[in-house]
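Asker: The file below is data03.csv, CSV, N, CA and C atoms and all ligand atoms:
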chain,number,residue,atom,x,y,z
A,1,MET,N,-7.2,-6.4,2.6
A,1,MET,CA,-7.2,-6.7,1.2
A,1,MET,C,-5.8,-6.7,0.7
A,2,GLU,N,-5.5,-7.7,-0.2
A,2,GLU,CA,-4.2,-7.7,-0.8
A,2,GLU,C,-4.3,-7.3,-2.3
A,3,LEU,N,-3.3,-6.5,-2.7
A,3,LEU,CA,-3.2,-6.0,-4.0
A,3,LEU,C,-2.0,-6.6,-4.7
A,4,THR,N,-2.2,-7.2,-5.9
A,4,THR,CA,-1.0,-7.7,-6.6
A,4,THR,C,-0.6,-6.6,-7.6
A,5,THR,N,0.6,-6.1,-7.6
A,5,THR,CA,1.0,-5.1,-8.5
A,5,THR,C,2.3,-5.4,-9.2
A,6,CYS,N,2.5,-4.6,-10.2
A,6,CYS,CA,3.8,-4.8,-11.0
A,6,CYS,C,4.9,-4.0,-10.3
A,7,PRO,N,6.0,-4.7,-10.0
A,7,PRO,CA,7.1,-3.9,-9.3
A,7,PRO,C,7.8,-2.9,-10.2
A,8,GLN,N,7.6,-3.0,-11.5
A,8,GLN,CA,8.2,-2.2,-12.5
A,8,GLN,C,7.5,-0.9,-12.7
A,9,CYS,N,6.2,-1.0,-13.0
A,9,CYS,CA,5.4,0.2,-13.3
A,9,CYS,C,4.3,0.5,-12.3
A,10,GLY,N,4.1,-0.4,-11.3
A,10,GLY,CA,3.1,-0.2,-10.3
A,10,GLY,C,1.7,-0.5,-10.8
A,11,GLY,N,1.6,-1.0,-12.0
A,11,GLY,CA,0.3,-1.3,-12.6
A,11,GLY,C,-0.4,-2.5,-11.9
A,12,LYS,N,-1.7,-2.5,-11.9
A,12,LYS,CA,-2.5,-3.6,-11.3
A,12,LYS,C,-2.9,-4.6,-12.2
A,13,GLN,N,-2.6,-4.5,-13.5
A,13,GLN,CA,-3.0,-5.5,-14.5
A,13,GLN,C,-1.9,-6.5,-14.7
A,14,ILE,N,-1.5,-7.1,-13.5
A,14,ILE,CA,-0.5,-8.1,-13.6
A,14,ILE,C,-1.2,-9.4,-13.3
A,15,GLN,N,-1.1,-10.3,-14.2
A,15,GLN,CA,-1.9,-11.5,-14.1
A,15,GLN,C,-1.1,-12.8,-14.2
A,16,PRO,N,-1.6,-13.8,-13.4
A,16,PRO,CA,-0.8,-15.1,-13.4
A,16,PRO,C,-0.8,-15.7,-14.8
A,17,GLU,N,0.2,-16.4,-15.1
A,17,GLU,CA,0.4,-17.0,-16.4
A,17,GLU,C,1.1,-18.4,-16.1
A,18,ILE,N,0.5,-19.4,-16.6
A,18,ILE,CA,1.1,-20.8,-16.3
A,18,ILE,C,2.1,-21.1,-17.4
A,19,ILE,N,3.3,-21.3,-17.0
A,19,ILE,CA,4.3,-21.6,-18.0
A,19,ILE,C,4.9,-23.0,-17.7
A,20,LYS,N,5.4,-23.7,-18.6
A,20,LYS,CA,6.0,-25.0,-18.4
A,20,LYS,C,7.5,-24.8,-18.1
A,21,ASP,N,7.9,-25.2,-16.9
A,21,ASP,CA,9.3,-25.1,-16.6
A,21,ASP,C,10.1,-26.2,-17.3
A,22,VAL,N,11.0,-25.8,-18.1
A,22,VAL,CA,11.8,-26.8,-19.0
A,22,VAL,C,12.7,-27.6,-18.1
A,23,VAL,N,13.2,-27.0,-17.0
A,23,VAL,CA,14.2,-27.8,-16.2
A,23,VAL,C,13.5,-28.8,-15.4
A,24,LEU,N,12.4,-28.4,-14.6
A,24,LEU,CA,11.7,-29.3,-13.8
A,24,LEU,C,10.6,-30.1,-14.5
A,25,ASN,N,10.4,-29.6,-15.7
A,25,ASN,CA,9.4,-30.3,-16.6
A,25,ASN,C,8.0,-30.3,-15.9
A,26,LYS,N,7.6,-29.2,-15.3
A,26,LYS,CA,6.3,-29.1,-14.7
A,26,LYS,C,5.8,-27.7,-14.9
A,27,PRO,N,4.5,-27.5,-14.8
A,27,PRO,CA,4.0,-26.2,-15.0
A,27,PRO,C,4.2,-25.3,-13.7
A,28,THR,N,4.6,-24.1,-13.9
A,28,THR,CA,4.8,-23.2,-12.8
A,28,THR,C,4.0,-21.9,-13.1
A,29,ILE,N,3.6,-21.2,-12.0
A,29,ILE,CA,2.9,-20.0,-12.2
A,29,ILE,C,3.8,-18.8,-12.2
A,30,ASP,N,3.7,-18.0,-13.2
A,30,ASP,CA,4.5,-16.8,-13.3
A,30,ASP,C,3.5,-15.6,-13.5
A,31,TYR,N,4.0,-14.4,-13.5
A,31,TYR,CA,3.1,-13.3,-13.7
A,31,TYR,C,3.6,-12.4,-14.8
A,32,ARG,N,2.7,-11.8,-15.6
A,32,ARG,CA,3.0,-10.9,-16.6
A,32,ARG,C,2.2,-9.6,-16.5
A,33,CYS,N,2.8,-8.5,-16.6
A,33,CYS,CA,2.1,-7.2,-16.5
A,33,CYS,C,1.6,-6.8,-17.9
A,34,LYS,N,0.3,-6.5,-18.0
A,34,LYS,CA,-0.3,-6.1,-19.3
A,34,LYS,C,0.1,-4.7,-19.7
A,35,VAL,N,0.6,-3.9,-18.7
A,35,VAL,CA,0.9,-2.5,-19.0
A,35,VAL,C,2.3,-2.4,-19.6
A,36,CYS,N,3.3,-2.9,-18.9
A,36,CYS,CA,4.7,-2.7,-19.3
A,36,CYS,C,5.4,-4.0,-19.8
A,37,GLY,N,4.7,-5.1,-19.7
A,37,GLY,CA,5.3,-6.3,-20.1
A,37,GLY,C,6.2,-7.1,-19.2
A,38,TYR,N,6.4,-6.5,-18.0
A,38,TYR,CA,7.2,-7.1,-16.9
A,38,TYR,C,6.8,-8.6,-16.7
A,39,HIS,N,7.8,-9.4,-16.5
A,39,HIS,CA,7.5,-10.8,-16.4
A,39,HIS,C,8.3,-11.3,-15.1
A,40,GLY,N,7.6,-11.8,-14.2
A,40,GLY,CA,8.3,-12.2,-13.0
A,40,GLY,C,7.4,-12.2,-11.7
A,41,THR,N,8.1,-12.0,-10.6
A,41,THR,CA,7.4,-12.0,-9.3
A,41,THR,C,6.7,-10.7,-9.1
A,42,PRO,N,5.4,-10.8,-8.8
A,42,PRO,CA,4.7,-9.5,-8.5
A,42,PRO,C,4.9,-9.0,-7.1
A,43,LEU,N,4.5,-7.8,-6.9
A,43,LEU,CA,4.7,-7.2,-5.6
A,43,LEU,C,3.3,-7.3,-4.9
A,44,LEU,N,3.3,-7.8,-3.7
A,44,LEU,CA,2.0,-8.0,-2.9
A,44,LEU,C,1.9,-6.8,-1.9
A,45,LEU,N,0.9,-6.1,-2.1
A,45,LEU,CA,0.7,-4.9,-1.2
A,45,LEU,C,-0.6,-5.1,-0.4
A,46,GLU,N,-0.5,-4.6,0.8
A,46,GLU,CA,-1.7,-4.6,1.6
A,46,GLU,C,-2.4,-3.2,1.4
A,47,LYS,N,-3.8,-3.3,1.3
A,47,LYS,CA,-4.5,-2.0,1.1
A,47,LYS,C,-5.7,-2.0,2.1
A,48,TYR,N,-5.8,-0.9,2.8
A,48,TYR,CA,-7.0,-0.8,3.6
A,48,TYR,C,-7.6,0.6,3.6
A,49,GLU,N,-8.9,0.7,3.9
A,49,GLU,CA,-9.6,2.0,3.8
A,49,GLU,C,-10.3,2.2,5.1
A,50,GLY,N,-10.2,3.5,5.5
A,50,GLY,CA,-10.9,3.8,6.8
A,50,GLY,C,-10.8,5.3,7.1
A,51,ILE,N,-11.1,5.6,8.3
A,51,ILE,CA,-11.1,7.0,8.7
A,51,ILE,C,-9.8,7.4,9.4
A,52,PHE,N,-9.2,8.5,8.9
A,52,PHE,CA,-8.0,9.0,9.4
A,52,PHE,C,-8.2,9.5,10.9
A,53,GLN,N,-7.4,9.0,11.8
A,53,GLN,CA,-7.5,9.4,13.2
A,53,GLN,C,-6.4,10.3,13.7
A,54,GLY,N,-5.4,10.5,12.9
A,54,GLY,CA,-4.3,11.4,13.3
A,54,GLY,C,-3.0,10.8,13.2
A,55,ILE,N,-1.9,11.6,13.4
A,55,ILE,CA,-0.6,11.1,13.3
A,55,ILE,C,0.2,11.5,14.6
A,56,LYS,N,0.9,10.6,15.1
A,56,LYS,CA,1.7,10.9,16.4
A,56,LYS,C,3.0,10.3,16.3
A,57,PRO,N,4.0,10.9,17.0
A,57,PRO,CA,5.3,10.2,17.1
A,57,PRO,C,5.1,8.9,17.8
A,58,GLU,N,5.8,7.9,17.4
A,58,GLU,CA,5.6,6.6,18.1
A,58,GLU,C,6.2,6.7,19.5
A,59,VAL,N,7.3,7.4,19.6
A,59,VAL,CA,7.9,7.6,20.9
A,59,VAL,C,7.7,9.1,21.2
A,60,PRO,N,6.9,9.4,22.3
A,60,PRO,CA,6.7,10.8,22.6
A,60,PRO,C,8.0,11.6,22.8
A,61,GLY,N,8.1,12.7,22.1
A,61,GLY,CA,9.3,13.6,22.2
A,61,GLY,C,10.3,13.3,21.1
A,62,PHE,N,10.2,12.2,20.4
A,62,PHE,CA,11.1,12.0,19.3
A,62,PHE,C,10.4,12.3,17.9
A,63,ILE,N,11.2,12.8,17.0
A,63,ILE,CA,10.7,13.1,15.6
A,63,ILE,C,10.8,11.8,14.8
A,64,GLY,N,9.7,11.1,14.8
A,64,GLY,CA,9.6,9.8,14.1
A,64,GLY,C,10.2,8.7,14.9
A,65,PRO,N,9.9,7.4,14.6
A,65,PRO,CA,9.0,7.1,13.5
A,65,PRO,C,7.5,7.5,13.9
A,66,TRP,N,6.8,7.7,12.8
A,66,TRP,CA,5.4,8.3,12.9
A,66,TRP,C,4.4,7.1,12.9
A,67,ALA,N,3.4,7.3,13.7
A,67,ALA,CA,2.3,6.3,13.7
A,67,ALA,C,1.1,7.0,13.1
A,68,ILE,N,0.6,6.5,12.0
A,68,ILE,CA,-0.6,7.1,11.4
A,68,ILE,C,-1.7,6.2,11.7
A,69,HIS,N,-2.7,6.7,12.4
A,69,HIS,CA,-3.8,5.9,12.9
A,69,HIS,C,-5.0,6.0,12.0
A,70,THR,N,-5.6,4.8,11.8
A,70,THR,CA,-6.8,4.7,10.9
A,70,THR,C,-7.8,3.8,11.6
A,71,ARG,N,-9.1,4.1,11.6
A,71,ARG,CA,-10.1,3.2,12.1
A,71,ARG,C,-10.9,2.7,10.9
A,72,LEU,N,-10.9,1.4,10.8
A,72,LEU,CA,-11.6,0.7,9.7
A,72,LEU,C,-13.1,0.7,9.9
A,73,ASP,N,-13.9,0.4,8.9
A,73,ASP,CA,-15.3,0.4,9.0
A,73,ASP,C,-15.9,-0.6,10.0
A,74,ASN,N,-15.1,-1.7,10.2
A,74,ASN,CA,-15.5,-2.7,11.2
A,74,ASN,C,-15.1,-2.4,12.6
A,75,GLY,N,-14.5,-1.2,12.8
A,75,GLY,CA,-14.1,-0.8,14.1
A,75,GLY,C,-12.7,-1.1,14.5
A,76,GLU,N,-12.1,-1.9,13.7
A,76,GLU,CA,-10.7,-2.3,13.9
A,76,GLU,C,-9.8,-1.1,13.7
A,77,ARG,N,-8.7,-1.0,14.5
A,77,ARG,CA,-7.8,0.1,14.3
A,77,ARG,C,-6.5,-0.4,13.6
A,78,LYS,N,-6.0,0.4,12.7
A,78,LYS,CA,-4.8,0.1,12.0
A,78,LYS,C,-3.8,1.2,12.2
A,79,THR,N,-2.6,0.8,12.5
A,79,THR,CA,-1.5,1.8,12.6
A,79,THR,C,-0.5,1.6,11.6
A,80,LEU,N,-0.2,2.6,10.8
A,80,LEU,CA,0.9,2.5,9.9
A,80,LEU,C,2.1,3.2,10.5
A,81,SER,N,3.2,2.5,10.6
A,81,SER,CA,4.4,3.0,11.2
A,81,SER,C,5.3,3.5,10.1
A,82,VAL,N,5.7,4.8,10.1
A,82,VAL,CA,6.5,5.3,9.0
A,82,VAL,C,7.7,6.0,9.5
A,83,LEU,N,8.9,5.6,9.0
A,83,LEU,CA,10.1,6.1,9.5
A,83,LEU,C,10.5,7.5,8.9
A,84,TRP,N,10.0,7.7,7.7
A,84,TRP,CA,10.4,8.9,7.0
A,84,TRP,C,9.8,10.2,7.6
A,85,GLU,N,10.6,11.2,7.5
A,85,GLU,CA,10.2,12.5,8.0
A,85,GLU,C,9.1,13.1,7.2
A,86,ASP,N,9.0,12.7,5.9
A,86,ASP,CA,8.0,13.3,5.0
A,86,ASP,C,6.6,12.8,5.3
A,87,ALA,N,6.4,12.0,6.3
A,87,ALA,CA,5.1,11.5,6.7
A,87,ALA,C,4.1,12.7,7.0
A,88,ARG,N,4.7,13.6,7.8
A,88,ARG,CA,3.9,14.8,8.1
A,88,ARG,C,3.6,15.7,6.9
A,89,ASP,N,4.6,15.8,6.0
A,89,ASP,CA,4.4,16.5,4.7
A,89,ASP,C,3.3,15.9,3.9
A,90,CYS,N,3.2,14.6,3.9
A,90,CYS,CA,2.2,13.9,3.1
A,90,CYS,C,0.8,14.2,3.7
A,91,ILE,N,0.7,14.1,5.0
A,91,ILE,CA,-0.6,14.4,5.6
A,91,ILE,C,-1.0,15.9,5.3
A,92,ARG,N,0.0,16.7,5.4
A,92,ARG,CA,-0.2,18.2,5.2
A,92,ARG,C,-0.6,18.4,3.7
A,93,SER,N,0.1,17.8,2.8
A,93,SER,CA,-0.2,18.1,1.4
A,93,SER,C,-1.6,17.5,1.0
A,94,LEU,N,-2.0,16.5,1.6
A,94,LEU,CA,-3.4,16.0,1.3
A,94,LEU,C,-4.4,16.8,2.1
A,95,GLY,N,-4.0,17.6,3.0
A,95,GLY,CA,-4.9,18.4,3.8
A,95,GLY,C,-5.8,17.5,4.7
A,96,LEU,N,-5.2,16.4,5.2
A,96,LEU,CA,-6.0,15.5,6.0
A,96,LEU,C,-6.3,16.0,7.3
A,97,LYS,N,-7.6,15.8,7.7
A,97,LYS,CA,-8.0,16.1,9.0
A,97,LYS,C,-8.6,14.9,9.6
A,98,LYS,N,-8.6,14.8,10.9
A,98,LYS,CA,-9.3,13.7,11.6
A,98,LYS,C,-10.7,13.5,11.1
A,99,GLY,N,-11.0,12.3,10.7
A,99,GLY,CA,-12.4,12.1,10.2
A,99,GLY,C,-12.4,11.9,8.7
A,100,ASP,N,-11.3,12.3,8.0
A,100,ASP,CA,-11.3,12.1,6.6
A,100,ASP,C,-11.1,10.6,6.2
A,101,ARG,N,-11.7,10.3,5.1
A,101,ARG,CA,-11.6,8.9,4.7
A,101,ARG,C,-10.4,8.7,3.8
A,102,ILE,N,-9.6,7.7,4.1
A,102,ILE,CA,-8.3,7.5,3.4
A,102,ILE,C,-8.2,6.0,3.0
A,103,THR,N,-7.3,5.8,2.0
A,103,THR,CA,-6.9,4.4,1.7
A,103,THR,C,-5.4,4.4,2.0
A,104,VAL,N,-4.9,3.3,2.5
A,104,VAL,CA,-3.5,3.2,2.8
A,104,VAL,C,-3.0,1.9,2.0
A,105,THR,N,-2.0,2.1,1.3
A,105,THR,CA,-1.4,1.0,0.5
A,105,THR,C,0.0,0.9,1.1
A,106,VAL,N,0.4,-0.3,1.4
A,106,VAL,CA,1.7,-0.5,2.1
A,106,VAL,C,2.3,-1.9,1.9
A,107,ASP,N,3.6,-1.9,1.8
A,107,ASP,CA,4.3,-3.2,1.9
A,107,ASP,C,5.5,-2.8,2.8
A,108,ARG,N,6.5,-3.7,2.9
A,108,ARG,CA,7.6,-3.5,3.8
A,108,ARG,C,8.4,-2.2,3.5
A,109,GLU,N,8.5,-1.8,2.3
A,109,GLU,CA,9.3,-0.7,1.9
A,109,GLU,C,8.6,0.6,1.5
A,110,ILE,N,7.4,0.4,0.9
A,110,ILE,CA,6.7,1.6,0.4
A,110,ILE,C,5.4,1.8,1.1
A,111,TRP,N,4.9,3.0,1.1
A,111,TRP,CA,3.6,3.3,1.7
A,111,TRP,C,3.0,4.4,0.9
A,112,CYS,N,1.7,4.5,0.9
A,112,CYS,CA,1.0,5.5,0.1
A,112,CYS,C,-0.3,5.8,0.8
A,113,ILE,N,-0.6,7.0,1.0
A,113,ILE,CA,-1.9,7.4,1.5
A,113,ILE,C,-2.7,8.2,0.5
A,114,ASP,N,-3.9,7.9,0.3
A,114,ASP,CA,-4.7,8.6,-0.6
A,114,ASP,C,-6.0,9.1,0.1
A,115,LYS,N,-6.5,10.3,-0.2
A,115,LYS,CA,-7.7,10.7,0.4
A,115,LYS,C,-8.8,10.2,-0.5
A,116,VAL,N,-9.9,9.7,0.1
A,116,VAL,CA,-11.0,9.2,-0.7
A,116,VAL,C,-12.0,10.4,-0.8
A,117,THR,N,-12.3,10.8,-2.0
A,117,THR,CA,-13.2,11.9,-2.2
A,117,THR,C,-14.6,11.3,-2.6
A,118,ASP,N,-15.6,12.2,-2.5
A,118,ASP,CA,-16.9,11.7,-2.8
A,118,ASP,C,-17.1,11.4,-4.2
A,119,ALA,N,-16.3,12.0,-5.1
A,119,ALA,CA,-16.4,11.8,-6.5
A,119,ALA,C,-16.1,10.4,-6.9
A,120,GLN,N,-15.3,9.6,-6.1
A,120,GLN,CA,-14.9,8.3,-6.5
A,120,GLN,C,-16.0,7.2,-6.3
B,1,ZN,ZN,4.2,-3.2,-15.3
Using the file provided, produce a representation of the structure as structure tokens.

Answerer:
Amino acid sequence: MELTTCPQCGGKQIQPEIIKDVVLNKPTIDYRCKVCGYHGTPLLLEKYEGIFQGIKPEVPGFIGPWAIHTRLDNGERKTLSVLWEDARDCIRSLGLKKGDRITVTVDREIWCIDKVTDAQ
């Protein structure tokens, strides 16, 4: 699943807006954020949800990059590769155990893991 978000505030209420390009004299599609008013190119994020399978160094014996393994509901496996050393801190602070349900939001530069709780 792809998520369109605002690069300025991270809001998801960024919507396409057709504007008339005065130079090219034709309509172009732009985006405006309803939360902060940002106007421009949105950030496209990939988001997936599945079962946390564990975290391992990508290269055995080296501290990072880390591979965070997730199994999706359709059986497909997804691996998030994370360079930062705080990957383990993130897993620890969420108290993630193998079998927990998580969502992963990612683009080339940022990543975020959230634990899915029953309340949601
Ligand atoms: Zn915004």

Asker: Measure the distance from atom N of A:Thr103 to atom CA of A:Ile51 in Å and round it to one decimal.

Answerer: 7.8 Å

Asker: Do a neighbour search on A:Thr70 at 7 Å with all atoms listed in the file, toss out local chain neighbours closer than 2 positions, and write the hits as a PyMOL selection string.

Answerer: chain A and resi 50-54+68+72+76-80

Asker: Have a look at A:Cys90, A:Pro57, A:Pro16, A:Gln8 and name the one nearest to A:Cys36; count all atoms listed in the file.

Answerer: A:Gln8

Asker: 8 Å from ligand ZN 1 (chain B) is the threshold here; counting only N, CA and C atoms and all ligand atoms, which polymer residues fall inside it? Answer as number ranges by chain.

Answerer: A: 5-14, 32-39

Asker: For the atom pair atom C of A:Asn25 and atom C of A:Gly40, what is the interatomic distance in Å to one decimal place?

Answerer: 18.6 Å

Asker: Quick one: pick out all alpha helix (DSSP H) residues within stretch 6-101 of chain A from a backbone DSSP run and write them as a PDB file with N, CA and C atoms, in the coordinates of the input.

Answerer:
ATOM      1  N   ALA A  87       6.400  12.000   6.300  1.00  0.00           N
ATOM      2  CA  ALA A  87       5.100  11.500   6.700  1.00  0.00           C
ATOM      3  C   ALA A  87       4.100  12.700   7.000  1.00  0.00           C
ATOM      4  N   ARG A  88       4.700  13.600   7.800  1.00  0.00           N
ATOM      5  CA  ARG A  88       3.900  14.800   8.100  1.00  0.00           C
ATOM      6  C   ARG A  88       3.600  15.700   6.900  1.00  0.00           C
ATOM      7  N   ASP A  89       4.600  15.800   6.000  1.00  0.00           N
ATOM      8  CA  ASP A  89       4.400  16.500   4.700  1.00  0.00           C
ATOM      9  C   ASP A  89       3.300  15.900   3.900  1.00  0.00           C
ATOM     10  N   CYS A  90       3.200  14.600   3.900  1.00  0.00           N
ATOM     11  CA  CYS A  90       2.200  13.900   3.100  1.00  0.00           C
ATOM     12  C   CYS A  90       0.800  14.200   3.700  1.00  0.00           C
ATOM     13  N   ILE A  91       0.700  14.100   5.000  1.00  0.00           N
ATOM     14  CA  ILE A  91      -0.600  14.400   5.600  1.00  0.00           C
ATOM     15  C   ILE A  91      -1.000  15.900   5.300  1.00  0.00           C
ATOM     16  N   ARG A  92       0.000  16.700   5.400  1.00  0.00           N
ATOM     17  CA  ARG A  92      -0.200  18.200   5.200  1.00  0.00           C
ATOM     18  C   ARG A  92      -0.600  18.400   3.700  1.00  0.00           C
ATOM     19  N   SER A  93       0.100  17.800   2.800  1.00  0.00           N
ATOM     20  CA  SER A  93      -0.200  18.100   1.400  1.00  0.00           C
ATOM     21  C   SER A  93      -1.600  17.500   1.000  1.00  0.00           C
TER      22      SER A  93
END

Asker: Work out how far apart atom CA of A:Asp21 and atom C of A:Leu45 are and give it in Å to one decimal.

Answerer: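 Distance between the two atoms: 27.6 Å.
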
Asker: Would you be able to write out as a list in words which residues have an atom within 10 Å of (-16.6, 9.3, 8.4) in the file's coordinates, counting only C-alpha atoms?

Answerer: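 The requested residues, written out, are Gly50, Ile51, Phe52, Arg71, Asp73, Lys98, Gly99, Asp100, Arg101 and Ile102 of chain A.
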
Asker: Nearest residue to A:Glu109 out of A:Pro60, A:Ser93, A:Asn74, A:Leu43, using only C-alpha atoms?

Answerer: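 Under the stated criterion, the closest residue is A:Leu43.
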
Asker: At most 7 Å from (9.2, 9.8, 8.5), file frame, all atoms listed in the file: which residues, as a VMD selection string?

Answerer: chain A and resid 63 to 66 82 to 88
